[in-house]
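**Student:** Structure file query36.txt (compact mmCIF, C-alpha atoms) is given on the next line.
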```txt
# COMPACT_ATOMS: atom_id res chain seq x y z
CA MET A 1 87.20 155.95 97.64
CA GLU A 2 84.91 158.32 99.58
CA SER A 3 82.47 155.55 100.32
CA ILE A 4 84.59 153.15 102.37
CA ASN A 5 83.93 153.24 106.09
CA PRO A 6 87.13 154.21 107.98
CA LEU A 7 86.65 151.25 110.32
CA VAL A 8 86.68 148.89 107.34
CA ILE A 9 89.98 150.44 106.30
CA LEU A 10 91.30 149.89 109.82
CA MET A 11 90.38 146.20 109.76
CA ALA A 12 91.63 145.73 106.23
CA SER A 13 95.01 147.33 106.90
CA VAL A 14 95.55 145.07 109.91
CA PHE A 15 94.51 141.77 108.34
CA THR A 16 94.01 141.69 104.58
CA ASN A 17 96.33 144.47 103.42
CA ASN A 18 98.99 144.02 106.07
CA MET A 19 101.97 146.30 105.45
CA ILE A 20 104.56 143.55 105.75
CA LEU A 21 102.73 140.49 104.57
CA SER A 22 101.07 141.85 101.47
CA ASN A 23 102.86 145.12 100.68
CA PHE A 24 106.39 144.14 101.78
CA LEU A 25 107.02 147.44 103.54
CA GLY A 26 109.25 147.84 106.58
CA MET A 27 111.11 144.60 105.94
CA CYS A 28 114.55 145.87 106.95
CA SER A 29 113.68 146.59 110.56
CA PHE A 30 111.31 143.62 110.56
CA ILE A 31 114.20 141.25 109.96
CA ALA A 32 116.72 143.12 112.08
CA VAL A 33 114.65 143.73 115.23
CA SER A 34 112.40 140.65 115.41
CA GLY A 35 114.75 138.83 117.79
CA GLU A 36 113.08 139.75 121.09
CA ILE A 37 109.37 140.06 121.85
CA LYS A 38 109.84 143.03 124.16
CA THR A 39 111.91 145.13 121.78
CA SER A 40 109.69 144.35 118.83
CA LEU A 41 106.64 145.39 120.82
CA GLY A 42 108.36 148.68 121.67
CA LEU A 43 109.26 149.31 118.05
CA GLY A 44 105.71 148.42 117.00
CA GLN A 45 104.22 150.96 119.40
CA ALA A 46 106.56 153.66 118.17
CA VAL A 47 105.77 152.86 114.53
CA THR A 48 102.01 152.94 115.18
CA PHE A 49 102.24 156.29 116.93
CA VAL A 50 104.40 157.89 114.23
CA LEU A 51 102.22 156.44 111.46
CA GLY A 52 99.03 157.83 112.96
CA ALA A 53 100.50 161.29 113.38
CA THR A 54 102.44 161.57 110.12
CA SER A 55 99.49 160.34 108.04
CA ILE A 56 97.47 163.35 109.28
CA ILE A 57 100.31 165.85 108.89
CA ASN A 58 101.20 164.62 105.42
CA TYR A 59 97.54 164.62 104.36
CA LEU A 60 97.13 168.23 105.43
CA LEU A 61 100.41 169.30 103.84
CA TYR A 62 99.62 167.56 100.58
CA HIS A 63 96.07 168.81 100.18
CA TYR A 64 96.46 172.32 101.57
CA VAL A 65 99.99 173.25 100.54
CA LEU A 66 101.21 171.12 97.65
CA VAL A 67 98.01 170.75 95.60
CA PRO A 68 96.97 174.48 95.60
CA TYR A 69 100.41 175.44 94.29
CA SER A 70 100.54 172.39 91.99
CA LEU A 71 103.77 171.16 93.53
CA GLU A 72 102.68 167.51 93.74
CA TYR A 73 105.98 166.32 92.33
CA LEU A 74 107.72 167.56 95.47
CA ARG A 75 105.74 165.18 97.65
CA PHE A 76 108.58 162.69 98.22
CA ILE A 77 110.86 165.36 99.60
CA VAL A 78 108.12 166.98 101.70
CA PHE A 79 106.96 163.68 103.16
CA ILE A 80 110.40 162.48 104.12
CA ILE A 81 111.24 165.82 105.74
CA THR A 82 107.96 165.75 107.68
CA ILE A 83 108.67 162.24 108.91
CA ALA A 84 112.24 163.01 109.93
CA ALA A 85 111.27 166.26 111.62
CA PHE A 86 108.34 164.68 113.43
CA VAL A 87 110.46 161.82 114.72
CA GLN A 88 113.09 164.28 115.94
CA LEU A 89 110.43 166.40 117.66
CA VAL A 90 108.81 163.44 119.37
CA GLU A 91 112.19 162.29 120.56
CA MET A 92 112.93 165.67 122.14
CA VAL A 93 109.49 166.06 123.74
CA VAL A 94 109.46 162.54 125.14
CA GLU A 95 112.99 162.90 126.48
CA ARG A 96 112.11 166.18 128.21
CA TYR A 97 108.79 165.26 129.81
CA THR A 98 108.57 161.49 130.30
CA PRO A 99 112.02 160.01 130.75
CA THR A 100 110.66 156.54 131.57
CA LEU A 101 108.85 156.35 128.26
CA TYR A 102 111.96 157.69 126.57
CA TYR A 103 114.07 154.84 127.85
CA SER A 104 111.60 152.23 126.66
CA LEU A 105 110.79 153.87 123.32
CA GLY A 106 113.66 156.26 122.70
CA ILE A 107 116.18 153.96 121.09
CA PHE A 108 113.69 152.94 118.40
CA LEU A 109 112.75 156.42 117.28
CA PRO A 110 115.80 157.11 115.06
CA LEU A 111 115.23 153.74 113.37
CA ILE A 112 111.77 154.81 112.30
CA THR A 113 112.81 157.57 109.92
CA VAL A 114 114.23 155.00 107.53
CA ASN A 115 111.34 152.57 107.92
CA CYS A 116 109.74 152.36 104.50
CA ALA A 117 106.33 151.57 105.97
CA ILE A 118 105.98 155.17 107.17
CA LEU A 119 106.69 156.72 103.78
CA GLY A 120 104.72 153.93 102.12
CA VAL A 121 101.54 154.73 104.06
CA SER A 122 101.78 158.40 103.09
CA LEU A 123 102.24 157.49 99.43
CA PHE A 124 99.47 154.89 99.43
CA MET A 125 96.94 157.29 100.92
CA ILE A 126 97.66 159.79 98.14
CA ILE A 127 97.43 157.15 95.42
CA ARG A 128 94.17 155.72 96.79
CA SER A 129 92.83 159.29 97.43
CA TYR A 130 91.61 158.71 100.97
CA THR A 131 89.88 161.41 103.02
CA LEU A 132 91.45 162.75 106.21
CA LEU A 133 89.65 160.34 108.53
CA GLN A 134 90.31 157.40 106.24
CA SER A 135 94.01 158.30 106.11
CA PHE A 136 94.21 158.43 109.88
CA PHE A 137 92.57 155.03 110.30
CA PHE A 138 94.73 153.65 107.51
CA GLY A 139 97.85 154.89 109.33
CA ILE A 140 96.80 153.45 112.69
CA GLY A 141 95.69 150.17 111.14
CA SER A 142 98.92 149.75 109.22
CA GLY A 143 100.87 150.36 112.41
CA LEU A 144 98.84 147.77 114.32
CA GLY A 145 99.21 145.27 111.51
CA TRP A 146 102.95 145.85 111.43
CA THR A 147 103.14 145.37 115.20
CA LEU A 148 101.10 142.17 114.97
CA ALA A 149 103.42 140.76 112.33
CA ILE A 150 106.69 141.68 114.05
CA VAL A 151 105.59 140.49 117.50
CA SER A 152 104.40 137.13 116.22
CA MET A 153 107.63 136.79 114.25
CA ALA A 154 109.64 137.50 117.41
CA GLY A 155 107.67 134.76 119.19
CA ILE A 156 108.33 132.26 116.44
CA ARG A 157 112.01 133.10 116.25
CA LYS A 158 112.34 132.56 119.98
CA LYS A 159 110.87 129.08 119.58
CA ILE A 160 113.18 128.07 116.72
CA LYS A 161 116.33 129.46 118.33
CA ASN A 162 117.66 126.00 119.22
CA SER A 163 116.36 124.14 116.18
CA PRO A 164 118.86 122.54 113.82
CA ILE A 165 118.55 124.83 110.79
CA PRO A 166 120.86 124.34 107.76
CA LYS A 167 123.79 126.72 107.94
CA GLY A 168 123.05 128.85 104.90
CA LEU A 169 119.42 129.25 105.93
CA GLN A 170 120.11 130.60 109.40
CA GLY A 171 119.16 134.19 110.15
CA PRO A 172 117.48 136.08 107.33
CA GLY A 173 116.79 133.04 105.16
CA ILE A 174 114.62 131.21 107.66
CA THR A 175 112.99 134.51 108.71
CA LEU A 176 111.89 135.12 105.14
CA ILE A 177 110.48 131.62 104.79
CA ILE A 178 108.54 131.91 108.07
CA THR A 179 107.23 135.27 106.88
CA GLY A 180 106.06 133.51 103.74
CA LEU A 181 104.16 130.99 105.85
CA MET A 182 102.61 133.82 107.87
CA ALA A 183 101.60 135.61 104.68
CA LEU A 184 100.02 132.37 103.52
CA ALA A 185 98.01 132.20 106.74
CA PHE A 186 96.93 135.82 106.39
CA ILE A 187 95.58 135.12 102.92
CA GLY A 188 92.86 133.26 104.79
CA PHE A 189 91.56 136.64 105.96
CA SER A 190 91.27 138.02 102.46
CA GLY A 191 87.59 137.11 102.16
CA ILE A 192 86.56 139.38 105.04
CA VAL A 193 87.16 142.86 103.69
CA ARG A 194 88.75 144.21 100.58
CA ILE A 195 90.28 147.60 99.92
CA GLN A 196 92.49 148.53 97.00
CA MET B 1 143.52 151.97 89.11
CA PHE B 2 141.95 149.18 87.08
CA LYS B 3 142.52 146.74 89.90
CA ASN B 4 140.72 149.13 92.22
CA ILE B 5 137.74 149.38 89.86
CA SER B 6 137.43 145.64 89.45
CA GLU B 7 137.65 145.22 93.20
CA ILE B 8 134.83 147.72 93.75
CA PHE B 9 132.66 145.82 91.30
CA TYR B 10 133.59 142.44 92.75
CA ARG B 11 132.64 143.65 96.20
CA GLY B 12 129.40 145.32 95.13
CA ILE B 13 128.10 142.46 93.03
CA ILE B 14 129.35 139.31 94.74
CA LYS B 15 131.21 139.62 98.00
CA ASP B 16 129.06 142.29 99.67
CA ASN B 17 125.97 141.88 97.54
CA PRO B 18 123.46 144.28 99.14
CA ILE B 19 120.63 141.75 99.23
CA TYR B 20 122.27 138.38 99.81
CA ARG B 21 125.01 139.45 102.16
CA GLN B 22 123.66 142.54 103.91
CA ILE B 23 119.86 142.00 103.68
CA LEU B 24 119.32 145.62 102.66
CA GLY B 25 116.57 146.99 100.48
CA ILE B 26 114.51 143.84 100.29
CA CYS B 27 111.15 145.65 100.48
CA SER B 28 111.26 146.55 96.82
CA ALA B 29 113.08 143.34 95.95
CA LEU B 30 109.95 141.49 97.05
CA ALA B 31 107.34 143.89 95.77
CA VAL B 32 108.27 144.50 92.15
CA THR B 33 109.63 141.08 91.23
CA ASN B 34 106.46 139.50 89.86
CA LEU B 35 107.44 140.65 86.35
CA MET B 36 110.93 140.87 84.91
CA LEU B 37 110.27 144.13 83.09
CA ASN B 38 109.19 145.86 86.32
CA SER B 39 112.32 144.61 88.05
CA LEU B 40 114.55 145.83 85.24
CA ILE B 41 113.11 149.35 85.34
CA MET B 42 113.26 149.43 89.14
CA GLY B 43 116.88 148.24 89.11
CA LEU B 44 117.88 150.83 86.50
CA GLY B 45 116.20 153.53 88.60
CA LEU B 46 118.11 152.38 91.64
CA ILE B 47 121.44 152.34 89.77
CA PHE B 48 120.79 155.92 88.64
CA VAL B 49 119.90 157.15 92.12
CA ALA B 50 122.63 155.20 93.93
CA SER B 51 125.47 156.24 91.64
CA LEU B 52 124.57 159.92 91.37
CA SER B 53 123.75 160.38 95.04
CA SER B 54 127.01 158.67 96.03
CA LEU B 55 128.81 161.03 93.65
CA THR B 56 127.10 164.11 95.09
CA VAL B 57 127.60 163.08 98.70
CA SER B 58 131.24 162.41 97.99
CA ILE B 59 131.78 165.76 96.26
CA ILE B 60 130.34 167.78 99.12
CA ARG B 61 131.62 165.49 101.86
CA SER B 62 134.18 167.92 103.25
CA TYR B 63 131.67 170.80 103.39
CA THR B 64 128.89 168.87 105.15
CA PRO B 65 128.74 169.32 108.92
CA ARG B 66 129.03 165.90 110.54
CA HIS B 67 125.84 165.98 112.62
CA ILE B 68 123.40 166.94 109.84
CA ARG B 69 124.90 164.64 107.20
CA MET B 70 122.00 162.15 107.34
CA MET B 71 119.49 164.87 106.55
CA VAL B 72 121.64 166.17 103.69
CA GLN B 73 121.99 162.65 102.26
CA THR B 74 118.25 162.08 102.46
CA LEU B 75 117.56 165.32 100.62
CA ILE B 76 120.08 164.50 97.88
CA ILE B 77 118.56 161.04 97.45
CA SER B 78 115.00 162.40 97.32
CA ALA B 79 115.97 164.92 94.67
CA TYR B 80 117.27 162.15 92.39
CA VAL B 81 114.23 159.97 93.11
CA ILE B 82 111.96 162.83 92.04
CA ILE B 83 113.86 162.96 88.74
CA VAL B 84 113.30 159.22 88.22
CA ASP B 85 109.62 159.58 89.08
CA ILE B 86 109.04 162.49 86.70
CA VAL B 87 110.91 160.81 83.83
CA LEU B 88 108.93 157.59 84.32
CA ARG B 89 105.61 159.40 84.40
CA ALA B 90 106.45 161.39 81.29
CA TYR B 91 107.87 158.66 79.08
CA TYR B 92 106.53 155.41 80.52
CA PRO B 93 103.17 156.08 82.25
CA SER B 94 102.09 152.43 82.30
CA MET B 95 105.26 151.42 84.17
CA SER B 96 104.86 154.33 86.57
CA GLU B 97 101.35 153.05 87.30
CA ALA B 98 102.54 149.47 87.80
CA LEU B 99 105.36 150.38 90.17
CA GLY B 100 103.06 152.66 92.16
CA PRO B 101 104.55 153.90 95.43
CA TYR B 102 107.64 151.74 95.11
CA VAL B 103 109.44 154.34 92.99
CA GLY B 104 109.10 156.84 95.83
CA LEU B 105 110.22 154.19 98.26
CA ILE B 106 113.68 154.15 96.63
CA ILE B 107 114.32 157.03 99.08
CA THR B 108 114.04 154.72 102.07
CA ASN B 109 115.91 151.91 100.32
CA CYS B 110 118.66 151.20 102.81
CA ILE B 111 121.18 150.30 100.08
CA ILE B 112 121.60 153.88 98.92
CA MET B 113 121.75 155.37 102.40
CA GLY B 114 124.14 152.62 103.47
CA ARG B 115 126.55 153.23 100.58
CA CYS B 116 126.44 157.01 101.08
CA GLU B 117 127.16 156.63 104.77
CA SER B 118 129.79 153.90 104.65
CA PHE B 119 131.58 154.49 101.35
CA ALA B 120 130.89 157.88 99.76
CA GLN B 121 131.51 159.71 103.02
CA ASN B 122 135.16 158.59 103.07
CA ASN B 123 136.13 158.15 99.42
CA LYS B 124 136.87 160.06 96.24
CA PRO B 125 133.93 161.08 93.99
CA PHE B 126 134.81 158.80 91.07
CA ASP B 127 135.25 155.73 93.29
CA SER B 128 131.97 156.49 95.05
CA PHE B 129 130.20 156.83 91.71
CA LEU B 130 131.50 153.40 90.66
CA ASP B 131 130.60 151.93 94.04
CA GLY B 132 127.04 153.18 93.62
CA ILE B 133 126.86 151.57 90.18
CA ALA B 134 128.34 148.32 91.50
CA CYS B 135 125.82 148.07 94.33
CA GLY B 136 123.01 148.94 91.96
CA VAL B 137 124.12 146.21 89.57
CA GLY B 138 124.30 143.74 92.45
CA TYR B 139 120.77 144.69 93.42
CA LEU B 140 119.53 144.50 89.83
CA SER B 141 121.03 141.03 89.36
CA VAL B 142 119.20 139.70 92.44
CA LEU B 143 115.96 141.35 91.35
CA LEU B 144 116.21 139.80 87.90
CA THR B 145 116.97 136.36 89.35
CA VAL B 146 113.95 136.46 91.67
CA ALA B 147 111.75 137.88 88.92
CA PHE B 148 112.93 135.26 86.44
CA PHE B 149 111.75 132.41 88.64
CA ARG B 150 108.54 134.14 89.68
CA GLU B 151 107.53 135.18 86.18
CA PHE B 152 108.57 131.89 84.60
CA LEU B 153 106.73 129.72 87.12
CA GLY B 154 103.80 132.08 87.58
CA PHE B 155 103.01 133.09 84.01
CA GLY B 156 105.22 130.85 81.86
CA THR B 157 106.78 133.91 80.24
CA ILE B 158 110.13 135.76 80.26
CA PHE B 159 109.95 139.54 79.75
CA GLY B 160 106.33 138.98 78.68
CA ILE B 161 107.28 136.54 75.89
CA PRO B 162 105.68 133.09 76.27
CA VAL B 163 108.40 130.44 76.41
CA VAL B 164 106.48 127.30 77.28
CA GLY B 165 103.59 125.64 75.47
CA ASP B 166 99.92 125.37 76.34
CA TRP B 167 100.52 122.41 78.63
CA TRP B 168 102.07 124.71 81.21
CA ILE B 169 99.92 125.28 84.31
CA ASN B 170 100.63 128.63 85.97
CA TRP B 171 101.69 128.53 89.58
CA ILE B 172 99.47 131.33 90.87
CA PHE B 173 101.04 130.87 94.29
CA VAL B 174 104.41 132.23 93.14
CA ILE B 175 102.83 135.50 92.04
CA MET B 176 101.11 136.05 95.37
CA PRO B 177 103.02 137.69 98.27
CA PRO B 178 103.96 134.42 100.08
CA GLY B 179 105.64 133.20 96.90
CA ALA B 180 107.92 136.24 96.98
CA PHE B 181 109.02 135.50 100.53
CA PHE B 182 109.70 131.84 99.79
CA MET B 183 111.57 132.59 96.58
CA LEU B 184 113.86 135.19 98.17
CA GLY B 185 114.41 132.99 101.22
CA ILE B 186 115.48 130.08 99.04
CA LEU B 187 117.74 132.27 96.90
CA ILE B 188 119.43 133.67 100.02
CA TRP B 189 119.95 130.11 101.20
CA VAL B 190 121.57 129.10 97.92
CA ALA B 191 123.68 132.26 97.73
CA ASN B 192 124.85 131.97 101.34
CA SER B 193 125.88 128.34 100.98
CA TYR B 194 127.78 129.12 97.79
CA ILE B 195 129.49 132.24 99.07
CA THR B 196 130.51 130.67 102.39
CA GLU B 197 132.09 127.79 100.49
CA THR B 198 134.21 130.07 98.33
CA ASP B 199 135.22 132.00 101.42
CA ILE B 200 136.43 128.81 103.10
CA GLU B 201 138.48 127.94 100.04
CA SER B 202 140.04 131.37 100.55
CA THR B 203 141.31 131.58 97.00
CA ASN B 204 140.94 135.34 97.34
CA LYS B 205 142.72 135.71 100.65
CA LYS B 206 144.35 138.87 99.47
CA THR B 207 141.09 140.62 98.61
CA ASN B 208 139.73 139.69 102.01
CA ALA B 209 142.75 141.08 103.80
CA GLN B 210 142.54 144.27 101.81
CA GLY B 211 138.86 144.59 102.54
CA GLN B 212 139.49 144.12 106.23
CA LYS B 213 142.21 146.69 106.25
CA GLU B 214 139.96 149.14 104.45
CA SER B 215 137.05 148.60 106.78
CA LYS B 216 139.37 149.05 109.73
CA SER B 217 140.64 152.36 108.37
CA ASN B 218 137.05 153.40 107.72
CA ALA B 219 136.19 152.64 111.30
CA ILE B 220 139.12 154.69 112.49
CA THR B 221 138.16 157.74 110.44
CA GLY B 222 134.58 157.36 111.62
CA GLY B 223 135.72 157.24 115.22
CA ALA B 224 138.02 160.24 114.87
CA ASN B 225 135.16 162.38 113.74
```
Written as structure tokens, that's how I'd like the structure from this file.

**Tutor:**
Amino acid sequence: MESINPLVILMASVFTNNMILSNFLGMCSFIAVSGEIKTSLGLGQAVTFVLGATSIINYLLYHYVLVPYSLEYLRFIVFIITIAAFVQLVEMVVERYTPTLYYSLGIFLPLITVNCAILGVSLFMIIRSYTLLQSFFFGIGSGLGWTLAIVSMAGIRKKIKNSPIPKGLQGPGITLIITGLMALAFIGFSGIVRIQ
Amino acid sequence: MFKNISEIFYRGIIKDNPIYRQILGICSALAVTNLMLNSLIMGLGLIFVASLSSLTVSIIRSYTPRHIRMMVQTLIISAYVIIVDIVLRAYYPSMSEALGPYVGLIITNCIIMGRCESFAQNNKPFDSFLDGIACGVGYLSVLLTVAFFREFLGFGTIFGIPVVGDWWINWIFVIMPPGAFFMLGILIWVANSYITETDIESTNKKTNAQGQKESKSNAITGGAN
């Protein structure tokens, strides 16, 4: 895995290996928050930021603390604590220094701890044995890809708001089917780059 | 007592099915359902984690300070997930490889957190244990249904055993990610139509009333704290 250019990983994690559309991560908040374009954009920004930062922190923790003491089996617990602590820290710092940003971003931060995409990126980068730079680009790219997917979903849901949808299909059902169509469209990108 | 148990199971598996009714934990429901065997192992892992973490949370519920309870729950859940991961890697390495990061992602599966927070926090240990099992079984049943259709249409097999002849043409589409979304969307559609109908018939008015009363009392205890 040493050989892949980090920029290729960035492109691939946005288009071909999109977190939602091909790895199914972060679906809970994807379905719950994709009602409004503005809120989904805010959540997407927060996710991208946290992903970029936690991928570096978790990489360093894993390779310089857990591996030397052969404690790899503790990685789940360490990663989730890192993510929760980082989110808490960011929330406090942002609230203290930039209140305007806090009001636009703040409400999404607690949601992020339980977003499986964050933990998923940390686990994927260990499994695929990325280097530090690759992990960082993978984190950022996954965040951007997630944002792309949730914002376009919010746009589509706005358009279909007044459409006559069968009763049982309303809400999550139709969201899942639209996501399927989006995933189908994104398969068209799969020829460009390939990581795995 | 027995009535209570059957009600917990009825709620966990049908009335409040975590996937159909509450749309929780669908990440893994989509990811591991291309083969029935994967889904079975994943579901069993989730039943283990959900029941035991509900039990633990319920046992220590009166000693946990209110404002750090989320952190405590997360740690309890991660500890059980680590057990599942180690056992899988030791006794079933090929399955551990196939499930990849999705075993670790049981931690962020909202079903477990949701049950700990809404049920185990306010109920007796034994009831919480059963509630965890019931939700896990509800989850497992959905996983197996999705996996049945995906594996049958995609490979023509059930649990890896070929069931149709050579004339069968595999639907590669169902195995790919979009197929998972379509399949779960359609199943939610079917389940929602069916469940809404039975609710309208209101043959189980009593259960509903009880459930409402319970949720109301839950809300009150939550508010008081």

**Student:** Rounded to one decimal, what separation in Å do you get between atom CA of B:Phe126 and atom CA of B:Val49?

**Tutor:**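 Atom CA of B:Val49 lies at a distance of 15.0 Å from atom CA of B:Phe126.
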
**Student:** In Å, rounded to a single decimal, give me how far atom CA of A:Arg75 is from atom CA of A:Leu60.

**Tutor:** 12.0 Å

**Student:** Got a sec: who's within 7 Å of stretch 99-114 of chain B, counting all atoms listed in the file, leaving out chain neighbours fewer than 6 positions off, as a list in words?

**Tutor:** Phe76, Val114, Asn115, Cys116, Gly120, Leu123 and Phe124 of chain A; Pro18, Leu24, Gly25, Ser28, Val32, Leu46, Ala50, Ile77, Ser78, Val81 and Asp85 of chain B

**Student:** Write out as a PDB file with C-alpha atoms, in the coordinates of the input every residue belonging to chain B that has an atom at most 7 Å from any atom of chain A, counting only C-alpha atoms.

**Tutor:**
```pdb
ATOM      1  CA  LEU B  24     119.320 145.620 102.660  1.00  0.00           C
ATOM      2  CA  GLY B  25     116.570 146.990 100.480  1.00  0.00           C
ATOM      3  CA  ILE B  26     114.510 143.840 100.290  1.00  0.00           C
ATOM      4  CA  CYS B  27     111.150 145.650 100.480  1.00  0.00           C
ATOM      5  CA  LEU B  30     109.950 141.490  97.050  1.00  0.00           C
ATOM      6  CA  ALA B  31     107.340 143.890  95.770  1.00  0.00           C
ATOM      7  CA  LEU B  75     117.560 165.320 100.620  1.00  0.00           C
ATOM      8  CA  SER B  78     115.000 162.400  97.320  1.00  0.00           C
ATOM      9  CA  ILE B  82     111.960 162.830  92.040  1.00  0.00           C
ATOM     10  CA  PRO B 101     104.550 153.900  95.430  1.00  0.00           C
ATOM     11  CA  GLY B 104     109.100 156.840  95.830  1.00  0.00           C
ATOM     12  CA  LEU B 105     110.220 154.190  98.260  1.00  0.00           C
ATOM     13  CA  THR B 108     114.040 154.720 102.070  1.00  0.00           C
ATOM     14  CA  PRO B 177     103.020 137.690  98.270  1.00  0.00           C
ATOM     15  CA  PRO B 178     103.960 134.420 100.080  1.00  0.00           C
ATOM     16  CA  GLY B 179     105.640 133.200  96.900  1.00  0.00           C
ATOM     17  CA  PHE B 181     109.020 135.500 100.530  1.00  0.00           C
ATOM     18  CA  PHE B 182     109.700 131.840  99.790  1.00  0.00           C
ATOM     19  CA  GLY B 185     114.410 132.990 101.220  1.00  0.00           C
ATOM     20  CA  ILE B 186     115.480 130.080  99.040  1.00  0.00           C
ATOM     21  CA  ILE B 188     119.430 133.670 100.020  1.00  0.00           C
ATOM     22  CA  TRP B 189     119.950 130.110 101.200  1.00  0.00           C
ATOM     23  CA  ASN B 192     124.850 131.970 101.340  1.00  0.00           C
ATOM     24  CA  SER B 193     125.880 128.340 100.980  1.00  0.00           C
TER      25      SER B 193
END
```

**Student:** Which of these residues is nearest to B:Val142, using all atoms listed in the file: B:Ser6, B:Leu88, B:Leu187, B:Val72?

**Tutor:** B:Leu187

**Student:** Taking all atoms listed in the file into account, which of A:Ile56, A:Leu61, A:Ala12, A:Leu101 comes nearest A:Gly191?

**Tutor:**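 Using all atoms listed in the file, the shortest distance to A:Gly191 belongs to A:Ala12.
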
**Student:** Taking the point (129.0, 141.0, 96.4) as given in the file, collect each protein or nucleic acid residue that comes within 12 Å of it, counting only C-alpha atoms, and present the set as a PyMOL selection string.

**Tutor:** chain B and resi 6-23+131+134-139+141-142+191-192+195

**Student:** Between A:Ile165, A:Leu133, A:Met92, A:Leu109, which one has atoms that come closest to A:Gln45, using all atoms listed in the file?

**Tutor:**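 Checking each candidate against A:Gln45, we get A:Leu109 as the closest.
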
**Student:** What lies within 10 Å of stretch 64-67 of chain B using only C-alpha atoms, ignoring chain neighbours under 6 positions off, as a PyMOL selection string?

**Tutor:** chain B and resi 57-58+73+121+225

**Student:** Could you work out how far atom CA of B:Leu184 lies from atom CA of A:Asn18, giving the answer in Å with one decimal?

**Tutor:**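 These two atoms are separated by 19.0 Å.
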
**Student:** Fix up stretch 136-148 of chain B with N, CA and C atoms, then write it as a CSV table (one decimal), in the frame of the given file.

**Tutor:**
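Output below, filename rebuild14.csv:
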```csv
chain,number,residue,atom,x,y,z
B,136,GLY,N,124.2,149.0,92.7
B,136,GLY,CA,123.0,148.9,92.0
B,136,GLY,C,122.9,147.7,91.1
B,137,VAL,N,124.1,147.4,90.5
B,137,VAL,CA,124.1,146.2,89.6
B,137,VAL,C,123.9,144.9,90.4
B,138,GLY,N,124.5,144.9,91.6
B,138,GLY,CA,124.3,143.7,92.4
B,138,GLY,C,122.8,143.6,92.8
B,139,TYR,N,122.2,144.7,93.1
B,139,TYR,CA,120.8,144.7,93.4
B,139,TYR,C,119.9,144.2,92.2
B,140,LEU,N,120.3,144.8,91.0
B,140,LEU,CA,119.5,144.5,89.8
B,140,LEU,C,119.6,143.0,89.5
B,141,SER,N,120.9,142.4,89.7
B,141,SER,CA,121.0,141.0,89.4
B,141,SER,C,120.2,140.2,90.3
B,142,VAL,N,120.1,140.5,91.6
B,142,VAL,CA,119.2,139.7,92.4
B,142,VAL,C,117.7,139.9,92.0
B,143,LEU,N,117.3,141.1,91.8
B,143,LEU,CA,116.0,141.4,91.4
B,143,LEU,C,115.6,140.5,90.1
B,144,LEU,N,116.5,140.5,89.1
B,144,LEU,CA,116.2,139.8,87.9
B,144,LEU,C,116.1,138.3,88.2
B,145,THR,N,117.0,137.8,89.1
B,145,THR,CA,117.0,136.4,89.4
B,145,THR,C,115.6,136.0,90.0
B,146,VAL,N,115.2,136.8,91.0
B,146,VAL,CA,114.0,136.5,91.7
B,146,VAL,C,112.8,136.6,90.7
B,147,ALA,N,112.8,137.7,89.9
B,147,ALA,CA,111.8,137.9,88.9
B,147,ALA,C,111.7,136.8,87.9
B,148,PHE,N,112.9,136.3,87.5
B,148,PHE,CA,112.9,135.3,86.4
B,148,PHE,C,112.1,134.0,86.9
```
